[in-house]
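Asks: Input file: coords_0.tsv. Contents: TSV, C-alpha atoms.
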```
chain	number	residue	atom	x	y	z
A	1	MET	CA	-84.46	-49.08	213.39
A	2	ILE	CA	-83.27	-52.04	211.34
A	3	GLU	CA	-85.55	-51.02	208.49
A	4	THR	CA	-84.16	-47.52	208.33
A	5	LEU	CA	-80.64	-48.96	208.39
A	6	VAL	CA	-81.48	-51.24	205.49
A	7	GLY	CA	-83.16	-48.31	203.77
A	8	ILE	CA	-80.22	-45.98	203.92
A	9	THR	CA	-77.48	-48.53	203.24
A	10	PRO	CA	-77.55	-48.13	199.42
A	11	PHE	CA	-77.27	-44.37	199.85
A	12	VAL	CA	-74.33	-44.72	202.21
A	13	ILE	CA	-72.58	-47.04	199.76
A	14	PHE	CA	-73.36	-44.72	196.87
A	15	PHE	CA	-71.95	-41.68	198.65
A	16	LEU	CA	-68.85	-43.56	199.78
A	17	LEU	CA	-68.10	-44.76	196.26
A	18	ALA	CA	-69.01	-41.44	194.66
A	19	GLY	CA	-66.80	-39.60	197.14
A	20	LEU	CA	-63.96	-42.02	196.45
A	21	ALA	CA	-64.38	-41.55	192.69
A	22	ILE	CA	-64.51	-37.76	192.82
A	23	GLY	CA	-61.68	-37.53	195.33
A	24	CYS	CA	-59.42	-39.79	193.29
A	25	ALA	CA	-60.33	-37.90	190.10
A	26	VAL	CA	-59.45	-34.56	191.67
A	27	ALA	CA	-56.22	-36.04	193.03
A	28	MET	CA	-55.39	-37.35	189.58
A	29	VAL	CA	-55.68	-33.91	188.02
A	30	THR	CA	-53.84	-32.08	190.80
A	31	GLN	CA	-50.91	-34.50	191.13
A	32	ARG	CA	-47.76	-33.40	189.35
A	33	ASN	CA	-46.14	-36.82	189.29
A	34	PRO	CA	-47.75	-38.96	186.56
A	35	LEU	CA	-47.25	-42.13	188.57
A	36	TYR	CA	-49.38	-40.81	191.43
A	37	SER	CA	-51.94	-39.71	188.84
A	38	ALA	CA	-52.05	-43.26	187.51
A	39	ILE	CA	-52.60	-44.72	190.96
A	40	SER	CA	-55.39	-42.21	191.63
A	41	LEU	CA	-56.99	-43.19	188.34
A	42	ILE	CA	-56.95	-46.83	189.44
A	43	GLY	CA	-58.86	-45.66	192.53
A	44	VAL	CA	-61.46	-44.06	190.26
A	45	PHE	CA	-61.80	-47.28	188.28
A	46	VAL	CA	-62.27	-49.37	191.40
A	47	ALA	CA	-64.89	-46.95	192.73
A	48	LEU	CA	-66.72	-47.07	189.41
A	49	ALA	CA	-66.66	-50.86	189.50
A	50	GLY	CA	-68.34	-50.68	192.90
A	51	LEU	CA	-70.96	-48.31	191.47
A	52	TYR	CA	-71.64	-50.77	188.65
A	53	LEU	CA	-72.28	-53.39	191.33
A	54	THR	CA	-74.82	-51.10	192.98
A	55	LEU	CA	-76.47	-50.79	189.56
A	56	ALA	CA	-76.79	-54.60	189.35
A	57	ALA	CA	-74.23	-54.90	186.56
A	58	PRO	CA	-71.72	-57.43	187.89
A	59	PHE	CA	-70.34	-58.38	184.49
A	60	ILE	CA	-69.43	-54.81	183.59
A	61	ALA	CA	-67.95	-54.33	187.07
A	62	VAL	CA	-65.63	-57.29	186.67
A	63	VAL	CA	-64.67	-56.31	183.13
A	64	GLN	CA	-63.97	-52.81	184.40
A	65	ILE	CA	-61.51	-54.17	186.93
A	66	ILE	CA	-59.88	-56.61	184.51
A	67	VAL	CA	-59.65	-54.37	181.45
A	68	TYR	CA	-59.19	-50.92	182.92
A	69	ALA	CA	-57.46	-51.41	186.25
A	70	GLY	CA	-55.76	-54.58	185.11
A	71	ALA	CA	-54.70	-54.11	181.51
A	72	ILE	CA	-54.83	-50.47	180.49
A	73	MET	CA	-53.41	-49.03	183.68
A	74	VAL	CA	-50.62	-51.61	183.78
A	75	LEU	CA	-49.73	-50.48	180.27
A	76	VAL	CA	-49.77	-46.84	181.33
A	77	VAL	CA	-47.67	-47.48	184.43
A	78	PHE	CA	-45.29	-49.51	182.32
A	79	VAL	CA	-44.82	-46.62	179.90
A	80	ILE	CA	-44.35	-44.20	182.81
A	81	MET	CA	-41.64	-46.43	184.25
A	82	LEU	CA	-40.05	-46.95	180.83
A	83	LEU	CA	-39.82	-43.27	180.04
A	84	ASN	CA	-38.71	-42.24	183.52
A	85	VAL	CA	-41.11	-39.32	183.44
A	86	GLU	CA	-40.13	-36.41	185.58
A	87	GLU	CA	-42.55	-34.29	187.54
A	88	GLU	CA	-44.26	-31.49	185.72
A	89	VAL	CA	-42.57	-28.18	186.23
A	90	ARG	CA	-44.75	-25.30	187.24
A	91	ARG	CA	-44.95	-22.77	184.47
A	92	PRO	CA	-45.78	-19.09	184.66
A	93	ALA	CA	-49.47	-18.62	184.08
A	94	ARG	CA	-50.25	-17.17	180.71
A	95	LEU	CA	-53.49	-15.57	179.56
A	96	ARG	CA	-54.32	-14.50	183.07
A	97	TYR	CA	-57.13	-12.27	181.85
A	98	LEU	CA	-59.10	-15.36	180.85
A	99	VAL	CA	-59.61	-16.41	184.49
A	100	PRO	CA	-62.72	-14.25	185.09
A	101	ALA	CA	-64.24	-15.44	181.83
A	102	ALA	CA	-63.57	-19.05	182.85
A	103	ALA	CA	-65.16	-18.49	186.26
A	104	LEU	CA	-68.24	-16.92	184.65
A	105	LEU	CA	-68.66	-19.77	182.17
A	106	ALA	CA	-68.16	-22.34	184.92
A	107	ALA	CA	-70.86	-20.61	187.00
A	108	VAL	CA	-73.25	-20.78	184.04
A	109	LEU	CA	-72.45	-24.46	183.57
A	110	PHE	CA	-73.05	-25.21	187.24
A	111	ALA	CA	-76.34	-23.28	187.18
A	112	GLU	CA	-77.54	-25.27	184.20
A	113	ALA	CA	-76.49	-28.56	185.79
A	114	ALA	CA	-78.16	-27.63	189.09
A	115	PHE	CA	-81.36	-26.65	187.26
A	116	VAL	CA	-81.48	-30.01	185.51
A	117	PHE	CA	-80.65	-31.83	188.71
A	118	PHE	CA	-83.32	-30.18	190.87
A	119	PHE	CA	-86.16	-29.42	188.45
A	120	VAL	CA	-86.12	-32.23	185.93
A	121	GLY	CA	-87.69	-35.34	187.34
A	122	ASP	CA	-86.54	-38.87	186.84
A	123	PRO	CA	-88.10	-40.71	183.94
A	124	PRO	CA	-90.38	-43.52	185.03
A	125	ALA	CA	-88.23	-46.53	185.73
A	126	ALA	CA	-89.07	-49.87	184.27
A	127	ALA	CA	-91.26	-52.07	186.37
A	128	PRO	CA	-89.25	-54.06	188.87
A	129	GLY	CA	-89.09	-57.78	188.45
A	130	GLY	CA	-88.25	-57.74	184.76
A	131	PRO	CA	-85.43	-59.73	183.26
A	132	ALA	CA	-82.05	-59.22	184.83
A	133	VAL	CA	-80.00	-57.25	182.32
A	134	GLY	CA	-76.64	-57.15	184.05
A	135	GLN	CA	-75.96	-60.85	183.99
A	136	THR	CA	-73.38	-62.39	181.72
A	137	VAL	CA	-76.08	-64.37	179.95
A	138	SER	CA	-78.02	-61.33	178.73
A	139	ILE	CA	-74.87	-59.50	177.69
A	140	GLY	CA	-73.47	-62.49	175.83
A	141	THR	CA	-76.79	-63.11	174.10
A	142	GLY	CA	-77.04	-59.50	172.98
A	143	LEU	CA	-73.44	-59.44	171.87
A	144	PHE	CA	-73.80	-62.44	169.59
A	145	THR	CA	-77.27	-61.79	168.20
A	146	THR	CA	-78.34	-58.16	167.89
A	147	TYR	CA	-74.88	-56.64	168.06
A	148	LEU	CA	-72.92	-59.29	166.19
A	149	LEU	CA	-71.71	-56.93	163.47
A	150	PRO	CA	-70.36	-54.28	165.89
A	151	PHE	CA	-68.69	-57.07	167.81
A	152	GLU	CA	-66.89	-58.34	164.71
A	153	ILE	CA	-65.92	-54.80	163.71
A	154	THR	CA	-64.46	-54.43	167.19
A	155	SER	CA	-62.13	-57.34	166.51
A	156	ILE	CA	-60.92	-55.64	163.33
A	157	LEU	CA	-60.38	-52.46	165.34
A	158	ILE	CA	-58.27	-54.33	167.86
A	159	LEU	CA	-56.24	-55.89	165.05
A	160	MET	CA	-55.63	-52.45	163.54
A	161	ALA	CA	-54.59	-51.15	166.95
A	162	ILE	CA	-52.08	-53.97	167.38
A	163	VAL	CA	-50.56	-53.35	163.94
A	164	GLY	CA	-50.51	-49.60	164.52
A	165	ALA	CA	-48.89	-49.92	167.93
A	166	MET	CA	-46.19	-52.22	166.56
A	167	THR	CA	-45.53	-49.86	163.66
A	168	LEU	CA	-45.30	-46.87	165.96
A	169	ALA	CA	-43.13	-48.53	168.56
A	170	ARG	CA	-40.63	-49.86	166.04
A	171	ARG	CA	-37.43	-47.88	165.90
A	172	THR	CA	-37.59	-46.24	162.49
A	173	ALA	CA	-35.47	-43.13	162.89
A	174	VAL	CA	-32.12	-43.91	161.19
A	175	ARG	CA	-29.38	-41.36	161.30
A	176	PRO	CA	-26.97	-41.15	158.37
A	177	GLY	CA	-24.04	-43.48	158.94
A	178	GLU	CA	-26.15	-45.75	161.10
A	179	LEU	CA	-27.72	-47.56	158.19
A	180	ASP	CA	-26.59	-51.12	158.56
A	181	VAL	CA	-27.50	-53.57	155.87
A	182	PRO	CA	-27.39	-57.07	157.25
A	183	GLY	CA	-24.57	-58.99	155.63
A	184	ALA	CA	-22.84	-55.89	154.36
A	185	ALA	CA	-19.09	-55.75	154.69
A	186	VAL	CA	-16.79	-52.79	154.74
A	187	TRP	CA	-14.67	-52.63	151.66
A	188	PRO	CA	-11.47	-50.61	151.71
A	189	LEU	CA	-11.08	-48.41	148.67
A	190	HIS	CA	-7.95	-50.03	147.28
A	191	ALA	CA	-9.75	-53.29	146.96
A	192	VAL	CA	-12.34	-51.63	144.73
A	193	ALA	CA	-10.19	-49.21	142.78
A	194	PRO	CA	-6.46	-49.78	143.16
A	195	GLY	CA	-5.78	-46.46	141.49
A	196	ARG	CA	-7.37	-44.52	144.36
A	197	ALA	CA	-5.70	-46.32	147.20
A	198	ALA	CA	-4.69	-43.00	148.74
A	199	ASP	CA	-8.30	-42.20	149.59
A	200	ALA	CA	-9.24	-43.35	153.07
A	201	ALA	CA	-12.89	-43.62	152.15
A	202	GLU	CA	-14.73	-46.72	153.16
A	203	VAL	CA	-18.00	-47.88	151.75
A	204	LYS	CA	-20.34	-50.52	152.93
A	205	ALA	CA	-21.53	-52.92	150.33
A	206	GLY	CA	-22.09	-56.58	149.83
A	207	THR	CA	-19.71	-57.02	146.87
A	208	SER	CA	-16.88	-55.10	145.34
A	209	ALA	CA	-19.04	-54.22	142.34
A	210	GLU	CA	-21.61	-52.59	144.62
A	211	ALA	CA	-18.87	-50.74	146.46
A	212	ALA	CA	-17.47	-49.42	143.18
A	213	HIS	CA	-20.93	-48.27	142.16
A	214	ALA	CA	-21.39	-46.54	145.49
A	215	LEU	CA	-18.11	-44.70	145.00
A	216	GLY	CA	-19.08	-43.60	141.52
A	217	LEU	CA	-16.33	-45.61	139.86
A	218	GLY	CA	-18.50	-47.10	137.19
A	219	GLY	CA	-19.81	-50.56	137.13
A	220	THR	CA	-23.33	-51.48	138.02
A	221	PRO	CA	-24.22	-53.60	141.01
A	222	GLN	CA	-25.16	-57.06	140.00
A	223	GLN	CA	-28.72	-57.94	140.65
A	224	LYS	CA	-28.95	-60.58	143.28
A	225	GLU	CA	-30.93	-63.59	142.29
B	226	MET	CA	-83.37	-47.27	195.06
B	227	ILE	CA	-80.96	-44.46	194.34
B	228	PRO	CA	-82.41	-41.92	191.90
B	229	LEU	CA	-81.08	-42.04	188.37
B	230	LYS	CA	-80.05	-38.43	188.34
B	231	TRP	CA	-77.56	-38.91	191.14
B	232	TYR	CA	-75.61	-41.25	188.94
B	233	LEU	CA	-75.91	-38.79	186.06
B	234	ALA	CA	-74.68	-35.95	188.28
B	235	LEU	CA	-71.70	-38.02	189.41
B	236	SER	CA	-70.94	-38.87	185.81
B	237	ALA	CA	-71.14	-35.19	184.84
B	238	VAL	CA	-68.76	-34.26	187.66
B	239	LEU	CA	-66.24	-36.91	186.60
B	240	PHE	CA	-66.49	-35.87	182.96
B	241	THR	CA	-65.92	-32.23	183.89
B	242	ILE	CA	-62.86	-33.16	185.93
B	243	GLY	CA	-61.57	-35.11	182.95
B	244	VAL	CA	-62.11	-32.18	180.57
B	245	ALA	CA	-60.41	-29.83	183.03
B	246	GLY	CA	-57.49	-32.24	183.28
B	247	VAL	CA	-57.06	-32.43	179.51
B	248	ILE	CA	-57.02	-28.62	179.35
B	249	VAL	CA	-54.76	-28.07	182.37
B	250	LYS	CA	-52.26	-30.90	182.05
B	251	ARG	CA	-49.20	-30.63	179.83
B	252	ASN	CA	-47.84	-34.12	180.30
B	253	ALA	CA	-49.00	-36.35	177.45
B	254	ILE	CA	-49.51	-39.39	179.67
B	255	ALA	CA	-51.54	-37.37	182.19
B	256	MET	CA	-53.75	-36.04	179.37
B	257	PHE	CA	-54.20	-39.60	178.17
B	258	MET	CA	-55.37	-40.67	181.62
B	259	CYS	CA	-57.83	-37.77	181.75
B	260	ILE	CA	-59.31	-39.00	178.46
B	261	GLU	CA	-59.72	-42.42	180.06
B	262	LEU	CA	-61.57	-40.76	182.93
B	263	MET	CA	-63.97	-39.10	180.48
B	264	LEU	CA	-64.64	-42.42	178.77
B	265	ASN	CA	-65.37	-43.96	182.17
B	266	SER	CA	-67.83	-41.27	183.15
B	267	VAL	CA	-69.76	-41.92	179.94
B	268	ASN	CA	-69.71	-45.62	180.78
B	269	LEU	CA	-71.29	-44.84	184.13
B	270	THR	CA	-74.10	-42.98	182.37
B	271	LEU	CA	-74.71	-45.88	180.01
B	272	VAL	CA	-74.78	-48.47	182.80
B	273	ALA	CA	-77.12	-46.31	184.90
B	274	PHE	CA	-79.61	-45.92	182.03
B	275	SER	CA	-79.30	-49.58	181.17
B	276	SER	CA	-80.05	-50.57	184.73
B	277	TYR	CA	-82.98	-48.19	185.11
B	278	PHE	CA	-84.68	-49.07	181.85
B	279	ARG	CA	-83.81	-52.76	182.07
B	280	ASP	CA	-82.29	-52.77	178.64
B	281	ALA	CA	-79.04	-54.66	178.14
B	282	SER	CA	-78.01	-52.51	175.15
B	283	GLY	CA	-76.40	-49.92	177.38
B	284	GLN	CA	-74.08	-52.47	178.92
B	285	LEU	CA	-73.18	-53.78	175.47
B	286	PHE	CA	-72.22	-50.26	174.49
B	287	VAL	CA	-70.04	-50.12	177.58
B	288	PHE	CA	-68.37	-53.33	176.51
B	289	ILE	CA	-67.59	-51.86	173.09
B	290	VAL	CA	-66.41	-48.58	174.62
B	291	MET	CA	-63.98	-50.60	176.72
B	292	THR	CA	-62.52	-52.35	173.68
B	293	VAL	CA	-62.17	-49.00	171.93
B	294	ALA	CA	-60.42	-47.69	175.04
B	295	ALA	CA	-58.04	-50.64	174.97
B	296	ALA	CA	-57.22	-49.99	171.31
B	297	GLU	CA	-56.81	-46.31	172.10
B	298	ALA	CA	-54.42	-47.17	174.94
B	299	ALA	CA	-52.25	-49.29	172.66
B	300	VAL	CA	-52.06	-46.74	169.86
B	301	GLY	CA	-51.91	-43.72	172.16
B	302	LEU	CA	-49.05	-45.08	174.22
B	303	GLY	CA	-47.26	-46.04	171.00
B	304	ILE	CA	-47.59	-42.45	169.80
B	305	ILE	CA	-46.35	-41.18	173.18
B	306	LEU	CA	-43.31	-43.47	172.95
B	307	ALA	CA	-42.57	-42.28	169.41
B	308	VAL	CA	-42.88	-38.62	170.43
B	309	PHE	CA	-40.64	-39.18	173.44
B	310	ARG	CA	-38.05	-40.89	171.27
B	311	ASN	CA	-37.95	-37.95	168.89
B	312	ARG	CA	-38.07	-35.08	171.35
B	313	GLU	CA	-36.85	-36.45	174.68
B	314	SER	CA	-39.86	-34.84	176.31
B	315	LEU	CA	-43.46	-35.65	177.10
B	316	ASP	CA	-44.54	-32.02	177.30
B	317	VAL	CA	-47.20	-31.44	174.67
B	318	ASP	CA	-45.99	-27.85	174.24
B	319	ASP	CA	-42.72	-29.25	172.92
B	320	ALA	CA	-44.62	-31.27	170.36
B	321	SER	CA	-46.85	-28.53	168.99
B	322	LEU	CA	-45.49	-29.00	165.48
B	323	LEU	CA	-46.14	-32.12	163.48
B	324	LYS	CA	-42.61	-32.03	162.09
B	325	LEU	CA	-39.31	-32.20	163.89
```
Just give me the structure of the file as structure tokens.
Replies:
Amino acid sequence: MIETLVGITPFVIFFLLAGLAIGCAVAMVTQRNPLYSAISLIGVFVALAGLYLTLAAPFIAVVQIIVYAGAIMVLVVFVIMLLNVEEEVRRPARLRYLVPAAALLAAVLFAEAAFVFFFVGDPPAAAPGGPAVGQTVSIGTGLFTTYLLPFEITSILILMAIVGAMTLARRTAVRPGELDVPGAAVWPLHAVAPGRAADAAEVKAGTSAEAAHALGLGGTPQQKE
Amino acid sequence: MIPLKWYLALSAVLFTIGVAGVIVKRNAIAMFMCIELMLNSVNLTLVAFSSYFRDASGQLFVFIVMTVAAAEAAVGLGIILAVFRNRESLDVDDASLLKL
């Protein structure tokens, strides 16, 4: 009795976590509100972290929680809040004639997957009792010996991502008339060209010589030292 | 011990859901999250193989995939912010041209 309980416990845990993962994934795709999708995706990440624990990979499980559920999803939720995303509107279905083709292809895909699942046996697993591979020690050792170069390249990738994100997020779109040079002053026209005092035009420039140049009144702007 | 192919089947199911989400969804952030789901299903495959063959390389790959996902999140959300600023919409159908 106890032995059978101990025997089936990993399977029960696996099916619970797998069901949680698949259910949250389906909920993520079917939700129309992106915020609910994000919360469902966090459920998937937590379920996957539990599955990593059943695979004796505690380090990856913790990193999964910290990096995915902690960092990336906070960023996503932050952007959702920032943009005040509205729910997706339901659109009229286009290309309706493709539905049978999609169903047929999906059936073929499922048949292939089922064939592999039921008729292809597991490869022989490594002998039990070998070195523990999921521990932080083995991962750190591998990361700084065999895979040192990919690790360093990863740091460059992160640096590029930071620079790219800052460049993208900076407000670069400037409409005409909005261009504000720091330190520029508005010069009325009569101060630049007393002969054209009737014009109400205003120019922005640092000095009167620059303003005159901008108005096409001759004179070149002096180069600043 | 749970057979390896159960993990692979679960990973395949999650990946398929992610692909379906990318195709079905029109919201850019939702598509982004579906891509994250696909990356995670691949991670599950790598960890399962790593655990079954007692080779730490798979878990190192997962580590690197996670850093790539973090970089992708930063750049992808930056692109989403820039698109939203230009078009006042997150619908990818509104952003089907690369110019304004």
Asks: Which is closest to chain A among B:Ala295, B:Met263, B:Ser236, B:Ala253, if we use only C-alpha atoms?
Replies: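 Ranked by minimum distance to chain A, first place goes to B:Ala295.
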Asks: Neighbouring residues of Leu55 (chain A) were defined as those with any atom within 8 Å, considering only C-alpha atoms; residues of the same chain fewer than 5 positions away were excluded. Please report them as a ChimeraX atom specification.
Replies: /B:272-273,276
Asks: If you count all atoms listed in the file, which residues fall within 12 Å of Gly164 (chain A), apart from same-chain ones fewer than 5 positions away, as a ChimeraX atom specification?
Replies: /A:157-159,169-170 /B:296-304,307
Asks: Counting only C-alpha atoms, which residues come within 10 Å of (-60.8, -52.4, 183.5), with the point read in the file's coordinates, and could you list them as number ranges by chain?
Replies: A: 42, 45-46, 48-49, 60-73; B: 265, 291-292, 294-295
Asks: Compile the contact shell of region 313-323 of chain B as a PyMOL selection string: residues with an atom at most 8 Å away, counting all atoms listed in the file, same-chain residues fewer than 5 positions apart removed.
Replies: (chain A and resi 85) or (chain B and resi 251-254+305+308)
Asks: Pick out the closest residue to Ser37 (chain A) from this set: B:Ala234, B:Val287, B:Val247, B:Cys259. Count only C-alpha atoms.
Replies: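 Closest to Ser37 (chain A) of all the choices is B:Cys259.
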Asks: Smallest atom-to-atom distance to Met256 (chain B): which of A:Leu16, A:Pro34, A:Leu53, A:Val26, using all atoms listed in the file?
Replies: A:Pro34
Asks: Quick one: distance from CA of Ile13 (chain A) to CA of Phe119 (chain A) in Å, one decimal?
Replies: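 Atom-to-atom, CA of Ile13 (chain A) and CA of Phe119 (chain A) are spaced 25.0 Å apart.
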Asks: CA of Lys250 (chain B) and CA of Ala237 (chain B), how far apart in Å?
Replies: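 Pair CA of Ala237 (chain B) / CA of Lys250 (chain B) returns 19.6 Å.
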Asks: Here is a test: counting all atoms listed in the file, which residue of A:Val133, A:Ala93, A:Ala111, A:Val12 is nearest to chain B?
Replies: A:Val133
Asks: Which of these residues is nearest to Leu143 (chain A), using all atoms listed in the file: B:Ser275, B:Ile289, B:Ser266, B:Arg310?
Replies: B:Ile289
